[in-house]
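Peer 1: Contents of run21.tsv (TSV, C-alpha atoms and all ligand atoms):
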```tsv
chain	number	residue	atom	x	y	z
D	283	MET	CA	0.13	12.58	6.24
D	284	ILE	CA	3.12	11.63	4.04
D	285	ARG	CA	5.79	14.13	3.08
D	286	PHE	CA	8.97	13.49	1.09
D	287	GLU	CA	11.47	16.33	1.28
D	288	ASN	CA	14.23	16.07	-1.28
D	289	VAL	CA	14.50	12.34	-0.78
D	290	THR	CA	17.32	10.42	-2.38
D	291	ALA	CA	17.64	6.68	-1.86
D	292	THR	CA	20.48	4.41	-2.94
D	293	TYR	CA	20.80	0.72	-2.15
D	294	PRO	CA	23.97	-0.48	-0.43
D	295	GLY	CA	26.65	-1.36	-2.94
D	296	HIS	CA	24.83	0.41	-5.79
D	297	ARG	CA	25.73	3.85	-7.03
D	298	ALA	CA	22.59	4.51	-9.03
D	299	ARG	CA	19.85	6.40	-7.23
D	300	ALA	CA	16.63	4.43	-6.83
D	301	LEU	CA	15.00	7.75	-5.91
D	302	ASP	CA	16.53	11.09	-6.76
D	303	ARG	CA	15.53	14.24	-4.85
D	304	VAL	CA	11.87	13.37	-4.63
D	305	ASN	CA	9.41	15.89	-3.19
D	306	ALA	CA	5.79	14.95	-2.55
D	307	ILE	CA	3.08	15.85	-0.07
D	308	ILE	CA	0.14	13.47	0.39
D	309	ASP	CA	-2.56	14.82	2.65
D	310	GLU	CA	-4.76	12.90	5.02
D	311	GLY	CA	-7.61	11.17	3.19
D	312	GLU	CA	-6.09	11.38	-0.30
D	313	PHE	CA	-6.08	8.56	-2.85
D	314	VAL	CA	-2.84	8.55	-4.84
D	315	PHE	CA	-1.60	6.33	-7.66
D	316	LEU	CA	2.15	5.90	-7.98
D	317	VAL	CA	2.91	4.99	-11.59
D	318	GLY	CA	5.99	4.52	-13.72
D	319	GLU	CA	7.93	1.87	-15.57
D	320	SER	CA	9.53	-1.09	-13.92
D	321	GLY	CA	12.55	0.14	-11.97
D	322	SER	CA	11.32	3.74	-11.79
D	323	GLY	CA	11.30	3.69	-7.97
D	324	LYS	CA	7.70	2.93	-6.94
D	325	SER	CA	8.54	0.10	-4.53
D	326	THR	CA	11.41	2.11	-3.11
D	327	PHE	CA	8.97	4.95	-2.38
D	328	LEU	CA	6.62	2.57	-0.56
D	329	ARG	CA	9.46	0.89	1.35
D	330	LEU	CA	10.57	4.30	2.63
D	331	VAL	CA	7.07	4.99	4.00
D	332	LEU	CA	7.21	1.68	5.88
D	333	ARG	CA	10.76	2.40	7.08
D	334	GLU	CA	11.92	-0.85	5.48
D	335	ILE	CA	14.71	1.31	4.13
D	336	ARG	CA	15.93	4.79	5.08
D	337	ALA	CA	16.55	7.74	2.84
D	338	THR	CA	20.19	8.35	1.95
D	339	GLN	CA	19.42	12.06	1.89
D	340	GLY	CA	16.35	14.12	2.66
D	341	GLU	CA	13.46	13.52	5.00
D	342	VAL	CA	10.49	11.18	4.96
D	343	TRP	CA	7.62	12.27	7.22
D	344	VAL	CA	4.72	9.96	8.02
D	345	ASP	CA	1.95	11.12	10.33
D	346	GLY	CA	4.18	13.73	11.94
D	347	ARG	CA	7.21	11.51	12.40
D	348	GLU	CA	10.51	11.80	10.52
D	349	LEU	CA	11.48	8.23	9.71
D	350	GLY	CA	15.21	8.75	9.25
D	351	ARG	CA	15.52	9.80	12.87
D	352	MET	CA	13.02	7.28	14.21
D	353	ARG	CA	14.47	4.78	16.66
D	354	GLY	CA	14.10	1.13	15.70
D	355	PHE	CA	11.85	0.24	18.61
D	356	ARG	CA	9.25	2.72	17.35
D	357	VAL	CA	8.97	1.15	13.89
D	358	PRO	CA	6.36	-1.51	14.85
D	359	ARG	CA	4.11	1.28	16.12
D	360	LEU	CA	4.51	3.13	12.79
D	361	ARG	CA	3.58	-0.02	10.86
D	362	ARG	CA	0.37	-0.37	12.86
D	363	ASP	CA	-0.72	2.88	11.28
D	364	VAL	CA	0.19	1.73	7.77
D	365	GLY	CA	-1.69	-1.26	6.38
D	366	THR	CA	-0.12	-3.09	3.44
D	367	VAL	CA	-1.53	-5.08	0.53
D	368	PHE	CA	0.58	-6.82	-2.12
D	369	GLN	CA	0.14	-8.36	-5.55
D	370	ASP	CA	0.63	-11.90	-4.20
D	371	PHE	CA	-1.87	-11.63	-1.29
D	372	ARG	CA	0.53	-13.18	1.29
D	373	LEU	CA	-2.15	-14.98	3.30
D	374	LEU	CA	-1.28	-17.63	5.85
D	375	PRO	CA	-2.26	-20.83	4.01
D	376	ASN	CA	-2.98	-22.91	7.12
D	377	LYS	CA	-5.34	-20.43	8.71
D	378	THR	CA	-8.95	-19.77	7.78
D	379	VAL	CA	-10.05	-16.45	6.33
D	380	ALA	CA	-11.26	-15.24	9.74
D	381	GLN	CA	-8.07	-16.45	11.44
D	382	ASN	CA	-5.94	-14.60	8.88
D	383	VAL	CA	-7.73	-11.37	9.69
D	384	ALA	CA	-7.82	-12.02	13.45
D	385	PHE	CA	-4.09	-12.73	13.46
D	386	ALA	CA	-3.33	-9.11	12.54
D	387	LEU	CA	-5.08	-8.03	15.74
D	388	GLN	CA	-3.68	-10.79	17.95
D	389	VAL	CA	-0.09	-9.81	17.20
D	390	ILE	CA	-0.73	-6.28	18.42
D	391	GLY	CA	-2.41	-7.55	21.59
D	392	LYS	CA	-6.04	-6.57	20.95
D	393	PRO	CA	-8.48	-8.08	23.44
D	394	LYS	CA	-10.42	-11.12	22.31
D	395	ALA	CA	-13.81	-9.42	22.62
D	396	GLN	CA	-12.69	-6.68	20.26
D	397	ILE	CA	-11.27	-9.22	17.80
D	398	ASN	CA	-14.56	-11.14	17.83
D	399	ARG	CA	-16.41	-7.96	16.94
D	400	LEU	CA	-13.98	-6.46	14.40
D	401	VAL	CA	-13.28	-9.55	12.29
D	402	PRO	CA	-16.86	-10.27	11.11
D	403	GLU	CA	-17.51	-6.55	10.73
D	404	THR	CA	-14.48	-6.17	8.46
D	405	LEU	CA	-15.21	-9.34	6.47
D	406	GLU	CA	-18.64	-7.94	5.78
D	407	LEU	CA	-17.15	-4.60	4.70
D	408	VAL	CA	-14.92	-6.31	2.12
D	409	GLY	CA	-17.76	-8.46	0.79
D	410	LEU	CA	-16.76	-11.77	2.35
D	411	ASP	CA	-19.68	-12.22	4.68
D	412	GLY	CA	-20.13	-15.92	5.43
D	413	LYS	CA	-16.71	-16.95	4.09
D	414	GLY	CA	-14.78	-16.67	7.36
D	415	ARG	CA	-14.38	-20.42	7.76
D	416	ARG	CA	-12.94	-21.03	4.29
D	417	MET	CA	-9.27	-21.69	3.74
D	418	PRO	CA	-7.41	-19.27	1.41
D	419	ASP	CA	-6.99	-21.93	-1.30
D	420	GLU	CA	-10.77	-22.34	-1.42
D	421	LEU	CA	-11.14	-18.75	-2.63
D	422	SER	CA	-10.73	-17.03	-5.99
D	423	GLY	CA	-7.84	-14.62	-6.47
D	424	GLY	CA	-10.15	-11.65	-6.05
D	425	GLU	CA	-11.54	-13.07	-2.82
D	426	GLN	CA	-8.04	-13.74	-1.52
D	427	GLN	CA	-7.15	-10.13	-2.19
D	428	ARG	CA	-10.25	-9.08	-0.26
D	429	VAL	CA	-9.00	-11.12	2.69
D	430	ALA	CA	-5.64	-9.38	2.43
D	431	ILE	CA	-7.39	-6.00	2.38
D	432	ALA	CA	-9.51	-6.99	5.40
D	433	ARG	CA	-6.35	-7.99	7.24
D	434	ALA	CA	-4.65	-4.70	6.34
D	435	PHE	CA	-7.69	-2.63	7.32
D	436	VAL	CA	-9.07	-4.46	10.38
D	437	ASN	CA	-6.96	-2.28	12.65
D	438	ARG	CA	-8.26	0.86	10.89
D	439	PRO	CA	-4.82	2.17	9.87
D	440	LYS	CA	-4.42	5.80	8.89
D	441	ILE	CA	-2.68	4.83	5.66
D	442	LEU	CA	-3.17	1.89	3.32
D	443	ILE	CA	-0.31	1.05	0.98
D	444	ALA	CA	-1.05	-1.22	-1.95
D	445	ASP	CA	1.75	-2.47	-4.21
D	446	GLU	CA	0.23	-3.70	-7.51
D	447	PRO	CA	-2.88	-5.08	-5.74
D	448	THR	CA	-4.57	-5.93	-9.06
D	449	GLY	CA	-1.44	-7.36	-10.67
D	450	ASN	CA	-2.67	-10.97	-10.47
D	451	LEU	CA	-6.34	-10.30	-11.18
D	452	ASP	CA	-8.44	-10.12	-14.33
D	453	PRO	CA	-9.95	-6.75	-15.30
D	454	ALA	CA	-13.46	-7.38	-13.92
D	455	THR	CA	-12.12	-8.62	-10.58
D	456	SER	CA	-9.71	-5.69	-10.47
D	457	ILE	CA	-12.58	-3.23	-10.71
D	458	GLY	CA	-14.20	-4.84	-7.65
D	459	ILE	CA	-10.95	-4.49	-5.72
D	460	MET	CA	-10.66	-0.83	-6.74
D	461	LYS	CA	-14.21	-0.12	-5.58
D	462	LEU	CA	-13.29	-1.64	-2.26
D	463	LEU	CA	-10.12	0.48	-1.95
D	464	ASP	CA	-12.22	3.51	-2.85
D	465	ARG	CA	-14.70	2.65	-0.10
D	466	ILE	CA	-11.87	2.28	2.38
D	467	ASN	CA	-10.51	5.65	1.27
D	468	ARG	CA	-13.91	7.21	1.90
D	469	THR	CA	-13.70	6.16	5.54
D	470	GLY	CA	-10.83	8.64	5.78
D	471	THR	CA	-7.90	6.27	5.24
D	472	THR	CA	-5.17	7.66	2.99
D	473	VAL	CA	-4.54	5.22	0.12
D	474	LEU	CA	-1.24	5.05	-1.76
D	475	MET	CA	-1.20	2.52	-4.58
D	476	ALA	CA	1.66	1.60	-6.91
D	477	THR	CA	0.42	0.20	-10.20
D	478	HIS	CA	1.04	-0.56	-13.86
D	479	ASP	CA	-2.66	-0.94	-14.51
D	480	VAL	CA	-3.42	1.71	-17.12
D	481	GLU	CA	-7.17	1.08	-17.30
D	482	ILE	CA	-7.64	1.23	-13.55
D	483	VAL	CA	-5.76	4.52	-13.26
D	484	ASP	CA	-7.64	6.01	-16.22
D	485	GLN	CA	-11.02	4.96	-14.82
D	486	MET	CA	-10.52	6.08	-11.24
D	487	ARG	CA	-9.37	9.63	-11.99
D	488	LYS	CA	-7.41	10.08	-8.80
D	489	ARG	CA	-4.19	11.92	-8.20
D	490	VAL	CA	-1.29	10.41	-10.15
D	491	ILE	CA	2.37	10.74	-9.22
D	492	GLU	CA	4.62	9.43	-11.99
D	493	LEU	CA	8.19	8.36	-11.38
D	494	ASP	CA	10.83	7.98	-14.07
D	495	GLY	CA	14.36	6.94	-13.23
D	496	GLY	CA	13.77	7.78	-9.57
D	497	SER	CA	12.43	11.30	-10.19
D	498	VAL	CA	8.90	12.65	-10.02
D	499	VAL	CA	8.07	13.66	-13.58
D	500	ARG	CA	4.34	14.31	-13.06
D	501	ASP	CA	2.00	15.00	-10.18
D	502	GLN	CA	-1.51	15.47	-11.43
D	503	LEU	CA	-4.91	15.69	-9.78
D	504	ARG	CA	-7.57	13.45	-11.37
D	505	GLY	CA	-4.89	12.12	-13.69
D	506	VAL	CA	-4.63	9.30	-16.18
D	507	TYR	CA	-1.86	6.75	-16.61
D	508	GLY	CA	-0.15	8.29	-19.61
D	509	HIS	CA	0.59	11.90	-20.35
D	510	THR	CA	-2.20	14.07	-21.63
D	511	TYR	CA	-1.07	16.65	-24.11
X	601	LIG	N1	17.28	-4.36	-3.03
X	601	LIG	C1	17.81	-3.65	-4.03
X	601	LIG	N2	19.15	-3.58	-4.18
X	601	LIG	C2	19.69	-2.84	-5.18
X	601	LIG	N3	19.00	-2.12	-6.06
X	601	LIG	C3	17.66	-2.16	-5.96
X	601	LIG	C4	16.99	-2.92	-4.94
X	601	LIG	N4	15.66	-2.76	-5.08
X	601	LIG	C5	15.50	-1.94	-6.14
X	601	LIG	N5	16.69	-1.58	-6.67
X	601	LIG	C6	16.91	-0.67	-7.82
X	601	LIG	O1	16.29	0.58	-7.53
X	601	LIG	C7	15.61	1.09	-8.67
X	601	LIG	C8	14.14	1.31	-8.34
X	601	LIG	O2	13.52	0.04	-8.10
X	601	LIG	P1	12.05	-0.14	-7.56
X	601	LIG	O3	11.90	-1.57	-7.15
X	601	LIG	O4	11.76	0.89	-6.55
X	601	LIG	O5	11.20	0.14	-8.88
X	601	LIG	P2	9.66	-0.12	-9.19
X	601	LIG	O6	9.19	1.09	-9.89
X	601	LIG	O7	8.96	-0.53	-7.96
X	601	LIG	O8	9.73	-1.35	-10.20
X	601	LIG	P3	8.65	-2.53	-10.41
X	601	LIG	O9	7.48	-1.89	-11.08
X	601	LIG	O10	9.39	-3.48	-11.31
X	601	LIG	O11	8.34	-3.11	-9.07
X	601	LIG	C9	15.88	0.11	-9.80
X	601	LIG	O12	16.95	0.58	-10.55
X	601	LIG	C10	16.23	-1.16	-9.09
X	601	LIG	O13	17.09	-1.96	-9.86
```
Could I get this structure in the form of structure tokens?

Peer 2:
Amino acid sequence: MIRFENVTATYPGHRARALDRVNAIIDEGEFVFLVGESGSGKSTFLRLVLREIRATQGEVWVDGRELGRMRGFRVPRLRRDVGTVFQDFRLLPNKTVAQNVAFALQVIGKPKAQINRLVPETLELVGLDGKGRRMPDELSGGEQQRVAIARAFVNRPKILIADEPTGNLDPATSIGIMKLLDRINRTGTTVLMATHDVEIVDQMRKRVIELDGGSVVRDQLRGVYGHTY
């Protein structure tokens, strides 16, 4: 589903490599944690998958497409297949919960009847049944993140990318969010999550890819956050 072949990434005007000859294969349906210290390259990895940036060298393959060669007009189509969730939720403050989720479908031209069916179905899936008419600021942080996940998932993307999704949440709320991401993963969606959250990674026992200074230093099935010796 996602394949990095010897990927090096440098930012314009900077000589240091944000990623340095990274190789990784993430199969369809996997759940993968991307861990590492601040500046180790996690966000750069995710931005490459979204084609927000291009590799300086090497190839990035997502769902059979090599992103370095992909023409710009095809990028929106790629991003339909890759849902995104961030630490700071990024909800539209002037829209209700249901409108926030519906908006993701409206912008890709889904028919109204389908939107009217999918939005309540997805709100129920994320545990927000009955909260569709609330405004984002009337929700807790955990609930807001559920809205963001509903919005990312309503289109049933093949891949869900989450960049520190529990970064603003307390431990108990974070566990609820992780259960939800796990449930989404069980529907067949590949989940790739960058995180600093040691306890979450240790509890979930999923595959862990660790970056250090832009290089993969560990790739472990059912891993924990730190090294096990
Ligand atoms: N827009 C940018 N321009 C220049 N350098 C950048 C840019 N974004 C990131 N970098 C550099 O690339 C390297 C990797 O950064 P990246 O943001 O991928 O790390 P990260 O692991 O996601 O960190 P964090 O956990 O703090 O988000 C760092 O050295 C960083 O300073």

Peer 1: With only C-alpha atoms as the atoms that count, which of D:Pro402, D:Gly470, D:Gly318, D:Gly424 lies nearest to Arg500 (chain D)?

Peer 2: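 Of D:Pro402, D:Gly470, D:Gly318, D:Gly424, the one nearest Arg500 (chain D) is D:Gly318, counting only C-alpha atoms.
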
Peer 1: Choose the residue, out of D:Ser422, D:Thr292, D:Thr469, D:Asn437, that has the smallest atom-to-atom separation from Arg361 (chain D); count only C-alpha atoms.

Peer 2: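 Ranking D:Ser422, D:Thr292, D:Thr469, D:Asn437 by distance to Arg361 (chain D), first place goes to D:Asn437.
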
Peer 1: CA of Gln426 (chain D) and CA of Val383 (chain D) are how many Å apart?

Peer 2: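 Pair CA of Gln426 (chain D) / CA of Val383 (chain D) returns 11.5 Å.
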
Peer 1: Would you pick out the contacts of Gly311 (chain D) at 10 Å or less, using all atoms listed in the file, so that residues sharing its chain but fewer than 6 positions from it are not included, and give the list as a compact mmCIF listing (two decimals) with C-alpha atoms, in the frame of the given file?

Peer 2:
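Generated file (result36.txt):
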```txt
# COMPACT_ATOMS: atom_id res chain seq x y z
CA MET D 283 0.13 12.58 6.24
CA LYS D 440 -4.42 5.80 8.89
CA ILE D 441 -2.68 4.83 5.66
CA ILE D 466 -11.87 2.28 2.38
CA ASN D 467 -10.51 5.65 1.27
CA ARG D 468 -13.91 7.21 1.90
CA THR D 469 -13.70 6.16 5.54
CA GLY D 470 -10.83 8.64 5.78
CA THR D 471 -7.90 6.27 5.24
CA THR D 472 -5.17 7.66 2.99
CA VAL D 473 -4.54 5.22 0.12
```

Peer 1: When the cut-off is 8 Å and you count all atoms listed in the file, which residues lie near ligand LIG 601 (chain X), shown as JSON, numbers by chain?

Peer 2: {"D": [292, 293, 294, 295, 296, 298, 299, 300, 301, 317, 318, 319, 320, 321, 322, 323, 324, 325, 326, 327, 476, 477, 478, 493, 495, 496]}

Peer 1: Would you pick out the contacts of region 345-348 of chain D at 9 Å or less, using all atoms listed in the file, so that residues sharing its chain but fewer than 5 positions from it are not included, and give the list as a list in words?

Peer 2: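 Once the nearby chain positions are removed, what remains is Met283, Ile284, Arg285, Glu310, Leu360, Asp363 and Lys440 of chain D.
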
Peer 1: Between D:Met460, D:Val498, D:Val364, D:Arg438, which has the minimum distance to Met486 (chain D) (counting all atoms listed in the file)?

Peer 2: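 Result for the nearest residue to Met486 (chain D): D:Met460.
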
Peer 1: Would you please work out which residue, of D:Phe313, D:Gln427, D:Gly365, D:Ala432, is nearest to Gly505 (chain D) when using all atoms listed in the file?

Peer 2: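 That would be D:Phe313, the residue with the smallest distance to Gly505 (chain D).
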
Peer 1: My list of candidates is D:Thr404, D:Gln369, D:Gln502, D:Gln396. Which is closest to Gly423 (chain D) when distances are computed with all atoms listed in the file?

Peer 2: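 Nearest candidate to Gly423 (chain D) out of D:Thr404, D:Gln369, D:Gln502, D:Gln396: D:Gln369.
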
Peer 1: Closest to Leu349 (chain D) among D:Ala337, D:Ile431, D:Ala395, D:Val436, using only C-alpha atoms?

Peer 2: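 Ranking D:Ala337, D:Ile431, D:Ala395, D:Val436 by distance to Leu349 (chain D), first place goes to D:Ala337.
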
Peer 1: Calculate how many Å separate CA of Asp501 (chain D) from CA of Ala430 (chain D), rounding to one decimal.

Peer 2: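 CA of Ala430 (chain D) lies 28.5 Å from CA of Asp501 (chain D).
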
Peer 1: Would you mind reading off the distance between CA of Leu330 (chain D) and CA of Met352 (chain D), one decimal, in Å?

Peer 2: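 Result for CA of Leu330 (chain D) versus CA of Met352 (chain D): 12.2 Å, one decimal.
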
Peer 1: In the coordinates of the file, take the point (-4.3, -13.2, -13.1) and a cut-off of 12 Å; then, counting only C-alpha atoms, name each qualifying protein, DNA or RNA residue as JSON, numbers by chain.

Peer 2: {"D": [369, 370, 422, 423, 424, 427, 446, 447, 448, 449, 450, 451, 452, 453, 454, 455, 456]}

Peer 1: Would you mind listing what lies within 12 Å of Ala380 (chain D) as a PDB file with C-alpha atoms, keeping the file's coordinate frame, with only C-alpha atoms counted and same-chain residues fewer than 5 positions away left out?

Peer 2:
```pdb
ATOM      1  CA  LEU D 373      -2.150 -14.980   3.300  1.00  0.00           C
ATOM      2  CA  LEU D 374      -1.280 -17.630   5.850  1.00  0.00           C
ATOM      3  CA  PHE D 385      -4.090 -12.730  13.460  1.00  0.00           C
ATOM      4  CA  ALA D 386      -3.330  -9.110  12.540  1.00  0.00           C
ATOM      5  CA  LEU D 387      -5.080  -8.030  15.740  1.00  0.00           C
ATOM      6  CA  ILE D 397     -11.270  -9.220  17.800  1.00  0.00           C
ATOM      7  CA  ASN D 398     -14.560 -11.140  17.830  1.00  0.00           C
ATOM      8  CA  ARG D 399     -16.410  -7.960  16.940  1.00  0.00           C
ATOM      9  CA  LEU D 400     -13.980  -6.460  14.400  1.00  0.00           C
ATOM     10  CA  VAL D 401     -13.280  -9.550  12.290  1.00  0.00           C
ATOM     11  CA  PRO D 402     -16.860 -10.270  11.110  1.00  0.00           C
ATOM     12  CA  GLU D 403     -17.510  -6.550  10.730  1.00  0.00           C
ATOM     13  CA  THR D 404     -14.480  -6.170   8.460  1.00  0.00           C
ATOM     14  CA  LEU D 405     -15.210  -9.340   6.470  1.00  0.00           C
ATOM     15  CA  GLU D 406     -18.640  -7.940   5.780  1.00  0.00           C
ATOM     16  CA  LEU D 410     -16.760 -11.770   2.350  1.00  0.00           C
ATOM     17  CA  ASP D 411     -19.680 -12.220   4.680  1.00  0.00           C
ATOM     18  CA  GLY D 412     -20.130 -15.920   5.430  1.00  0.00           C
ATOM     19  CA  LYS D 413     -16.710 -16.950   4.090  1.00  0.00           C
ATOM     20  CA  GLY D 414     -14.780 -16.670   7.360  1.00  0.00           C
ATOM     21  CA  ARG D 415     -14.380 -20.420   7.760  1.00  0.00           C
ATOM     22  CA  ARG D 416     -12.940 -21.030   4.290  1.00  0.00           C
ATOM     23  CA  MET D 417      -9.270 -21.690   3.740  1.00  0.00           C
ATOM     24  CA  PRO D 418      -7.410 -19.270   1.410  1.00  0.00           C
ATOM     25  CA  GLN D 426      -8.040 -13.740  -1.520  1.00  0.00           C
ATOM     26  CA  ARG D 428     -10.250  -9.080  -0.260  1.00  0.00           C
ATOM     27  CA  VAL D 429      -9.000 -11.120   2.690  1.00  0.00           C
ATOM     28  CA  ALA D 430      -5.640  -9.380   2.430  1.00  0.00           C
ATOM     29  CA  ALA D 432      -9.510  -6.990   5.400  1.00  0.00           C
ATOM     30  CA  ARG D 433      -6.350  -7.990   7.240  1.00  0.00           C
ATOM     31  CA  VAL D 436      -9.070  -4.460  10.380  1.00  0.00           C
TER      32      VAL D 436
END
```
